[in-house]
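Novice: Have a peek at start.tsv (TSV, C-alpha atoms and all ligand atoms).
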chain	number	residue	atom	x	y	z
A	1	MET	CA	111.39	92.78	79.02
A	2	LYS	CA	111.83	89.21	80.28
A	3	GLU	CA	109.83	89.46	83.55
A	4	ASP	CA	106.52	87.66	84.01
A	5	PRO	CA	103.99	90.00	82.30
A	6	ASP	CA	101.33	89.05	84.85
A	7	LEU	CA	103.28	90.57	87.74
A	8	PRO	CA	102.10	93.99	88.93
A	9	ILE	CA	103.75	97.30	88.13
A	10	GLY	CA	105.44	98.48	91.35
A	11	LEU	CA	105.43	102.15	92.35
A	12	PHE	CA	106.75	103.88	95.41
A	13	ASP	CA	106.53	107.40	96.77
A	14	SER	CA	107.45	109.15	100.00
A	15	GLY	CA	103.76	109.06	100.92
A	16	ILE	CA	100.52	109.94	99.28
A	17	GLY	CA	101.58	112.16	96.37
A	18	GLY	CA	102.56	109.27	94.09
A	19	LEU	CA	98.85	108.55	93.76
A	20	THR	CA	98.89	111.20	91.01
A	21	VAL	CA	101.20	108.81	89.12
A	22	LEU	CA	99.13	105.73	90.03
A	23	ARG	CA	96.00	107.53	88.79
A	24	GLU	CA	97.62	108.13	85.39
A	25	ILE	CA	98.89	104.54	85.18
A	26	VAL	CA	95.47	103.06	85.97
A	27	GLN	CA	93.86	105.37	83.42
A	28	LEU	CA	96.33	104.67	80.62
A	29	LEU	CA	96.93	100.97	81.40
A	30	PRO	CA	93.64	99.73	82.89
A	31	GLY	CA	94.52	96.09	82.26
A	32	GLU	CA	97.61	96.16	84.52
A	33	SER	CA	97.85	95.20	88.19
A	34	THR	CA	99.66	97.71	90.42
A	35	LEU	CA	101.38	97.59	93.79
A	36	TYR	CA	101.87	101.05	95.33
A	37	LEU	CA	104.03	101.67	98.38
A	38	GLY	CA	103.74	104.98	100.25
A	39	ASP	CA	106.38	105.56	102.91
A	40	THR	CA	103.90	107.59	104.99
A	41	ALA	CA	105.78	107.00	108.26
A	42	ARG	CA	108.78	108.94	106.93
A	43	VAL	CA	107.20	111.50	104.60
A	44	PRO	CA	108.25	114.15	103.56
A	45	TYR	CA	111.46	113.32	101.69
A	46	GLY	CA	111.62	116.80	100.15
A	47	GLY	CA	113.75	118.45	102.84
A	48	ARG	CA	116.05	115.47	103.54
A	49	SER	CA	119.66	114.80	102.58
A	50	LYS	CA	120.65	112.78	99.52
A	51	GLU	CA	122.08	110.00	101.69
A	52	THR	CA	118.80	109.61	103.63
A	53	VAL	CA	116.58	109.75	100.53
A	54	ARG	CA	118.78	107.10	98.88
A	55	ARG	CA	118.56	104.81	101.89
A	56	PHE	CA	114.78	105.16	102.17
A	57	SER	CA	114.34	104.70	98.40
A	58	CYS	CA	116.44	101.53	98.32
A	59	GLN	CA	114.45	100.10	101.23
A	60	ALA	CA	111.17	100.86	99.42
A	61	GLY	CA	112.46	99.40	96.16
A	62	ASP	CA	113.75	96.26	97.91
A	63	TYR	CA	110.40	95.75	99.61
A	64	LEU	CA	108.48	95.93	96.34
A	65	ALA	CA	111.00	93.74	94.52
A	66	ARG	CA	110.56	91.05	97.19
A	67	GLN	CA	106.78	91.09	96.57
A	68	GLY	CA	107.38	90.46	92.85
A	69	ILE	CA	106.96	93.30	90.34
A	70	LYS	CA	107.78	93.48	86.65
A	71	LEU	CA	108.79	97.14	86.55
A	72	LEU	CA	109.54	99.76	89.21
A	73	ILE	CA	108.25	103.33	88.94
A	74	VAL	CA	109.89	105.82	91.24
A	75	ALA	CA	106.71	107.85	91.59
A	76	CYS	CA	108.37	110.55	93.71
A	77	ASN	CA	110.30	113.44	92.20
A	78	THR	CA	112.60	113.82	95.20
A	79	ALA	CA	113.45	110.09	95.23
A	80	THR	CA	114.00	110.14	91.46
A	81	ALA	CA	116.20	113.23	91.67
A	82	MET	CA	118.39	111.74	94.38
A	83	ALA	CA	118.25	107.99	94.04
A	84	ILE	CA	117.47	106.90	90.47
A	85	GLY	CA	121.14	105.97	89.80
A	86	PRO	CA	121.54	103.63	92.80
A	87	LEU	CA	118.09	102.16	92.18
A	88	ARG	CA	118.92	101.34	88.55
A	89	GLU	CA	122.14	99.62	89.65
A	90	ARG	CA	120.27	97.61	92.27
A	91	PHE	CA	117.55	95.96	90.17
A	92	THR	CA	117.45	94.03	86.93
A	93	ILE	CA	113.85	95.05	86.16
A	94	PRO	CA	113.27	98.38	84.35
A	95	VAL	CA	113.35	101.32	86.78
A	96	ILE	CA	111.51	104.42	85.55
A	97	GLY	CA	111.69	107.76	87.31
A	98	VAL	CA	109.49	110.81	86.86
A	99	VAL	CA	112.26	113.24	85.89
A	100	GLU	CA	113.31	112.02	82.41
A	101	PRO	CA	109.78	111.77	80.93
A	102	GLY	CA	108.93	115.22	82.35
A	103	ALA	CA	112.16	116.69	80.98
A	104	ARG	CA	111.53	115.21	77.52
A	105	ALA	CA	108.05	116.69	77.41
A	106	ALA	CA	109.32	120.12	78.49
A	107	VAL	CA	111.98	120.13	75.75
A	108	SER	CA	109.44	119.30	73.09
A	109	ARG	CA	106.99	121.98	74.24
A	110	THR	CA	109.06	125.10	74.94
A	111	ARG	CA	109.18	127.74	72.23
A	112	SER	CA	110.96	130.53	74.14
A	113	GLY	CA	113.78	128.18	75.20
A	114	THR	CA	113.33	129.04	78.89
A	115	VAL	CA	111.81	126.28	81.01
A	116	GLY	CA	110.72	126.66	84.63
A	117	VAL	CA	110.82	123.74	87.07
A	118	ILE	CA	109.02	123.70	90.40
A	119	GLY	CA	109.54	121.05	93.07
A	120	THR	CA	110.63	120.37	96.62
A	121	ARG	CA	113.81	121.94	97.94
A	122	ALA	CA	115.69	118.66	97.49
A	123	THR	CA	114.56	118.22	93.88
A	124	ILE	CA	115.45	121.77	92.89
A	125	GLN	CA	118.80	121.74	94.70
A	126	SER	CA	119.73	118.44	93.02
A	127	GLY	CA	119.51	120.08	89.58
A	128	ALA	CA	118.08	116.79	88.27
A	129	TYR	CA	115.54	118.36	85.91
A	130	GLU	CA	118.05	120.92	84.71
A	131	ASN	CA	120.58	118.18	83.93
A	132	ALA	CA	117.99	115.99	82.21
A	133	ILE	CA	116.68	118.88	80.09
A	134	GLN	CA	120.14	120.08	79.11
A	135	ALA	CA	121.27	116.54	78.30
A	136	ILE	CA	118.58	116.54	75.60
A	137	GLU	CA	118.89	120.18	74.50
A	138	PRO	CA	122.00	121.92	75.87
A	139	GLY	CA	120.93	125.37	74.66
A	140	LEU	CA	117.82	125.60	76.85
A	141	ARG	CA	117.72	127.79	79.94
A	142	VAL	CA	116.25	126.11	83.02
A	143	VAL	CA	115.02	128.11	85.98
A	144	GLY	CA	114.28	126.15	89.17
A	145	GLN	CA	112.02	127.30	91.98
A	146	ALA	CA	111.48	125.34	95.20
A	147	CYS	CA	107.87	125.57	96.45
A	148	PRO	CA	108.02	123.80	99.83
A	149	LEU	CA	104.68	125.17	101.08
A	150	PHE	CA	102.68	123.54	98.28
A	151	VAL	CA	102.87	119.97	99.67
A	152	PRO	CA	101.17	120.74	103.02
A	153	LEU	CA	98.63	123.02	101.30
A	154	VAL	CA	97.63	120.23	98.89
A	155	GLU	CA	97.39	117.68	101.70
A	156	GLU	CA	95.15	120.12	103.54
A	157	GLY	CA	92.92	120.17	100.44
A	158	TRP	CA	93.51	123.92	99.83
A	159	LEU	CA	93.59	123.47	96.08
A	160	GLN	CA	91.70	126.69	95.26
A	161	HIS	CA	92.31	128.65	98.47
A	162	GLN	CA	93.30	132.32	98.26
A	163	VAL	CA	96.25	131.65	100.55
A	164	THR	CA	97.58	129.03	98.13
A	165	GLU	CA	97.08	131.44	95.23
A	166	GLU	CA	98.94	134.23	97.02
A	167	ILE	CA	101.84	131.90	97.83
A	168	ALA	CA	101.91	130.71	94.22
A	169	ARG	CA	102.12	134.32	93.01
A	170	ILE	CA	105.14	134.92	95.23
A	171	TYR	CA	106.91	131.69	94.21
A	172	LEU	CA	106.24	132.12	90.50
A	173	ALA	CA	106.92	135.84	90.09
A	174	PRO	CA	110.51	135.24	88.84
A	175	PHE	CA	109.20	133.02	86.00
A	176	ARG	CA	107.16	135.88	84.54
A	177	ALA	CA	110.17	138.17	84.60
A	178	MET	CA	112.40	135.59	82.89
A	179	GLY	CA	110.22	134.70	79.91
A	180	VAL	CA	109.45	131.13	81.01
A	181	ASP	CA	106.87	129.61	78.64
A	182	THR	CA	106.84	126.01	79.95
A	183	VAL	CA	106.72	124.91	83.58
A	184	VAL	CA	107.40	121.36	84.77
A	185	LEU	CA	105.26	120.29	87.73
A	186	GLY	CA	108.23	118.53	89.35
A	187	CYS	CA	106.50	117.22	92.46
A	188	THR	CA	103.83	114.58	92.88
A	189	HIS	CA	101.42	116.99	94.58
A	190	TYR	CA	101.45	119.77	92.02
A	191	PRO	CA	99.12	118.28	89.37
A	192	LEU	CA	96.35	118.90	91.91
A	193	LEU	CA	97.19	122.62	91.78
A	194	ARG	CA	97.10	122.67	88.00
A	195	THR	CA	94.05	124.94	87.64
A	196	LEU	CA	95.36	127.44	90.20
A	197	LEU	CA	98.89	127.44	88.73
A	198	GLN	CA	97.57	127.96	85.21
A	199	ARG	CA	95.57	130.94	86.46
A	200	VAL	CA	98.60	132.45	88.19
A	201	LEU	CA	101.00	131.83	85.28
A	202	GLY	CA	98.56	132.80	82.54
A	203	PRO	CA	97.05	130.75	79.69
A	204	GLU	CA	100.09	131.19	77.42
A	205	VAL	CA	102.32	129.10	79.74
A	206	THR	CA	102.37	125.32	79.12
A	207	LEU	CA	102.32	123.10	82.20
A	208	VAL	CA	104.08	119.72	82.00
A	209	ASP	CA	102.68	117.05	84.29
A	210	SER	CA	105.49	114.58	85.07
A	211	ALA	CA	102.94	112.05	86.37
A	212	ARG	CA	101.19	111.90	83.00
A	213	GLU	CA	104.48	111.73	81.10
A	214	VAL	CA	105.77	108.80	83.17
A	215	ALA	CA	102.60	106.84	82.46
A	216	ARG	CA	103.18	107.36	78.72
A	217	ALA	CA	106.80	106.19	79.09
A	218	VAL	CA	105.71	103.05	80.94
A	219	LYS	CA	103.08	102.28	78.30
A	220	GLU	CA	105.77	102.47	75.61
A	221	ILE	CA	107.94	99.94	77.47
A	222	LEU	CA	105.06	97.54	78.09
A	223	ASP	CA	103.84	97.83	74.50
A	224	ARG	CA	107.22	96.47	73.39
A	225	GLY	CA	107.10	93.47	75.76
A	226	PRO	CA	104.84	90.41	76.05
A	227	ARG	CA	101.19	91.17	76.87
A	228	ARG	CA	99.59	90.47	80.22
A	229	SER	CA	97.22	87.49	80.02
A	230	ARG	CA	93.56	88.46	80.23
A	231	SER	CA	92.53	85.40	82.29
A	232	ARG	CA	92.62	87.26	85.62
A	233	ASP	CA	91.26	90.72	86.50
A	234	PRO	CA	93.89	93.33	87.34
A	235	VAL	CA	94.36	94.00	91.07
A	236	GLN	CA	95.32	97.38	92.56
A	237	ARG	CA	96.95	97.21	95.99
A	238	ILE	CA	98.34	99.92	98.26
A	239	LEU	CA	100.87	99.46	101.06
A	240	VAL	CA	101.72	102.21	103.55
A	241	THR	CA	104.21	102.46	106.41
A	242	ASP	CA	101.88	104.45	108.70
A	243	SER	CA	98.18	104.07	109.50
A	244	ALA	CA	96.00	103.06	106.54
A	245	GLU	CA	93.15	105.17	107.96
A	246	ASN	CA	95.17	108.42	107.81
A	247	PHE	CA	96.17	107.58	104.26
A	248	ARG	CA	92.58	106.98	103.20
A	249	ARG	CA	91.46	110.36	104.58
A	250	VAL	CA	94.04	112.44	102.69
A	251	ALA	CA	94.08	110.21	99.60
A	252	ARG	CA	90.57	111.22	98.55
A	253	ASN	CA	91.94	114.47	97.10
A	254	PHE	CA	94.38	112.50	94.95
A	255	MET	CA	92.32	109.64	93.57
A	256	GLY	CA	88.55	109.42	93.38
A	257	GLN	CA	88.29	105.64	93.49
A	258	LEU	CA	90.79	104.15	95.96
A	259	PRO	CA	91.73	100.46	95.80
A	260	GLU	CA	89.93	98.29	98.37
A	261	GLU	CA	93.12	96.96	99.88
A	262	ILE	CA	95.28	99.45	101.81
A	263	ARG	CA	97.58	97.67	104.24
A	264	GLN	CA	100.22	98.88	106.70
A	265	VAL	CA	103.65	97.25	106.40
A	266	ARG	CA	107.15	97.63	107.89
A	267	LEU	CA	109.98	98.15	105.46
A	268	ILE	CA	112.78	97.22	107.88
A	301	LIG	N1	106.64	113.01	96.72
A	301	LIG	C1	107.48	114.17	96.90
A	301	LIG	C2	107.99	114.65	95.54
A	301	LIG	O1	107.43	114.37	94.50
A	301	LIG	C3	106.75	115.29	97.63
A	301	LIG	C4	106.52	115.01	99.09
A	301	LIG	C5	107.81	114.88	99.89
A	301	LIG	O2	108.51	115.89	100.09
A	301	LIG	O3	108.12	113.76	100.28
A	301	LIG	O4	108.98	115.33	95.48
Reformat the file's structure so that it appears as structure tokens.
Specialist:
Amino acid sequence: MKEDPDLPIGLFDSGIGGLTVLREIVQLLPGESTLYLGDTARVPYGGRSKETVRRFSCQAGDYLARQGIKLLIVACNTATAMAIGPLRERFTIPVIGVVEPGARAAVSRTRSGTVGVIGTRATIQSGAYENAIQAIEPGLRVVGQACPLFVPLVEEGWLQHQVTEEIARIYLAPFRAMGVDTVVLGCTHYPLLRTLLQRVLGPEVTLVDSAREVARAVKEILDRGPRRSRSRDPVQRILVTDSAENFRRVARNFMGQLPEEIRQVRLI
């Protein structure tokens, strides 16, 4: 990597959910500065068309690139599923999405050969996880299930609520019948439902957290490049496209310790 190692790692998401990725990055790479952009004025992306998600994603990527970043993480499954190709063509810095690391982890963990993927409608309809998994291991069976009600339930903080559990049972019933032994949490919000999902699926099912896997992939890239100088403390900054106050309120579920600086910006 030839970029200035002291520049921050850039991440963007449709809104707040990408904080699950930021949390993993800060934990695994505590010496790095980060610049997170949440497009909270236009969230959710999960029910939108490919053309719209691509346009929004390119605007978010452009904004971060103008601020100066050494690497771009597409910390949103929907944006990765629909826009990773155009984003990679657009920038010269490394562009890492959440789908490939999650797919790699699922391939290495399944024993039954049947992998379940849960995500937004857009992510599941795109077939991005299925394609990524079968590109690595063509013989695997991939079963996708859109879980559109999970995002609002998580943002409401209903992480252990009986309503959420009942909905999860309905969404995940086909996985039990099909012999799925590994499930990819293919949406930024789902790691917060991990305990509930494990209970519903049973202890024998392995859950793959794409947020954690992407942090590992980023660490591998940075370990190969020049080190960040230790002369200045790392800085974590958050930019949002809607009110910073609203973001702060919901963000507490996602990240215990929020960065001091949360600033509202306009992308266009
Ligand atoms: N960040 C999105 C994802 O990971 C979930 C929220 C949305 O639909 O925008 O797919």
Novice: With only C-alpha atoms and all ligand atoms counted and 8 Å as the cut-off, give the residues of chain A in contact with ligand LIG 301 (chain A), each with its shortest interatomic distance in Å and the pair that gives it, as a tab-separated table.
Specialist:
residue	atom	partner	partner_atom	distance
A:Asp13	CA	A:LIG301	N1	5.6
A:Ser14	CA	A:LIG301	O3	4.7
A:Gly15	CA	A:LIG301	O3	6.4
A:Ile16	CA	A:LIG301	N1	7.3
A:Gly17	CA	A:LIG301	N1	5.1
A:Gly18	CA	A:LIG301	N1	6.1
A:Val43	CA	A:LIG301	O3	5.0
A:Pro44	CA	A:LIG301	O3	3.3
A:Tyr45	CA	A:LIG301	O3	3.7
A:Gly46	CA	A:LIG301	O2	3.2
A:Gly47	CA	A:LIG301	O2	6.4
A:Ala75	CA	A:LIG301	O1	7.2
A:Cys76	CA	A:LIG301	O1	4.0
A:Asn77	CA	A:LIG301	O1	3.8
A:Thr78	CA	A:LIG301	O4	3.9
A:Ala79	CA	A:LIG301	O4	6.9
A:Gly119	CA	A:LIG301	O4	6.2
A:Thr120	CA	A:LIG301	O4	5.4
A:Ala122	CA	A:LIG301	O4	7.8
A:Thr123	CA	A:LIG301	O4	6.5
A:Pro148	CA	A:LIG301	O2	7.9
A:Val151	CA	A:LIG301	C4	6.2
A:Gly186	CA	A:LIG301	O1	6.7
A:Cys187	CA	A:LIG301	O1	3.6
A:Thr188	CA	A:LIG301	O1	4.0
A:His189	CA	A:LIG301	C3	6.4
Novice: Between A:Arg266, A:Lys50, A:Arg212, A:Arg141, single out the one closest to A:Met178, counting all atoms listed in the file.
Specialist: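 Distance minimum relative to A:Met178 lands on A:Arg141.
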Novice: What gap, in Å, lies between atom CA of A:Ile73 and atom CA of A:Glu89?
Specialist: 14.4 Å
Novice: Considering only C-alpha atoms, state which residue in the set A:His161, A:Ala251, A:Gly38, A:Ile96 is at the smallest distance from A:Glu220.
Specialist: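 Checking each candidate against A:Glu220, we get A:Ile96 as the closest.
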Novice: Would you kindly return, as a list in words, each protein, DNA or RNA residue with an atom no farther than 7 Å from any atom of A:Leu87, considering only C-alpha atoms and excluding same-chain residues fewer than 4 positions away?
Specialist: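 Non-adjacent residues within range: Cys58, Ala83 and Phe91 of chain A.
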Novice: Once you add 6 Å to each side, what are the centre and edge lengths of the axis-aligned box holding all listed atoms of stretch 19-37 of chain A? One decimal in Å, as AutoDock Vina command-line options, if you can.
Specialist:
--center_x 98.8 --center_y 103.2 --center_z 89.5 --size_x 22.4 --size_y 28.0 --size_z 29.8
Novice: Which is closest to A:Ala41 among A:Ile268, A:Val240, A:Ile133, A:Ala217, if we use all atoms listed in the file?
Specialist: A:Val240
Novice: Could you jot down the atom CA of A:Asp4 to atom CA of A:Ser229 separation for me, Å, one decimal place?
Specialist: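 Calculated distance between atom CA of A:Asp4 and atom CA of A:Ser229 is 10.1 Å.
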Novice: Looking at only C-alpha atoms, which of A:Leu197, A:Ala60, A:Ala132, A:Arg248 is the one that sits closest to A:Gln160?
Specialist: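 Closest to A:Gln160 of all the choices is A:Leu197.
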Novice: For A:Val184, which residue among A:Pro101, A:Gly139, A:Pro30, A:Gly68 is the nearest when counting all atoms listed in the file?
Specialist: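 Comparing A:Pro101, A:Gly139, A:Pro30, A:Gly68 against A:Val184, the winner is A:Pro101.
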Novice: By how many Å are atom CA of A:Leu185 and atom CA of A:Leu207 apart?
Specialist: 6.9 Å
Novice: Looking at A:Ala65, A:Val180, A:Leu172, A:Val95, which one is nearest to A:Gly113, with distances taken over all atoms listed in the file?
Specialist: A:Val180
Novice: List as a list of chain:residue names the protein and nucleic acid residues near A:Gly179, meaning an atom at most 12 Å away when all atoms listed in the file are counted, but skip any in the same chain fewer than 5 places from it.
Specialist: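 Residues meeting the cut-off are A:Thr110, A:Arg111, A:Ser112, A:Gly113, A:Thr114, A:Val115, A:Gly116, A:Arg141, A:Val142, A:Val143, A:Leu172, A:Ala173, A:Pro174, A:Leu201, A:Glu204, A:Val205.
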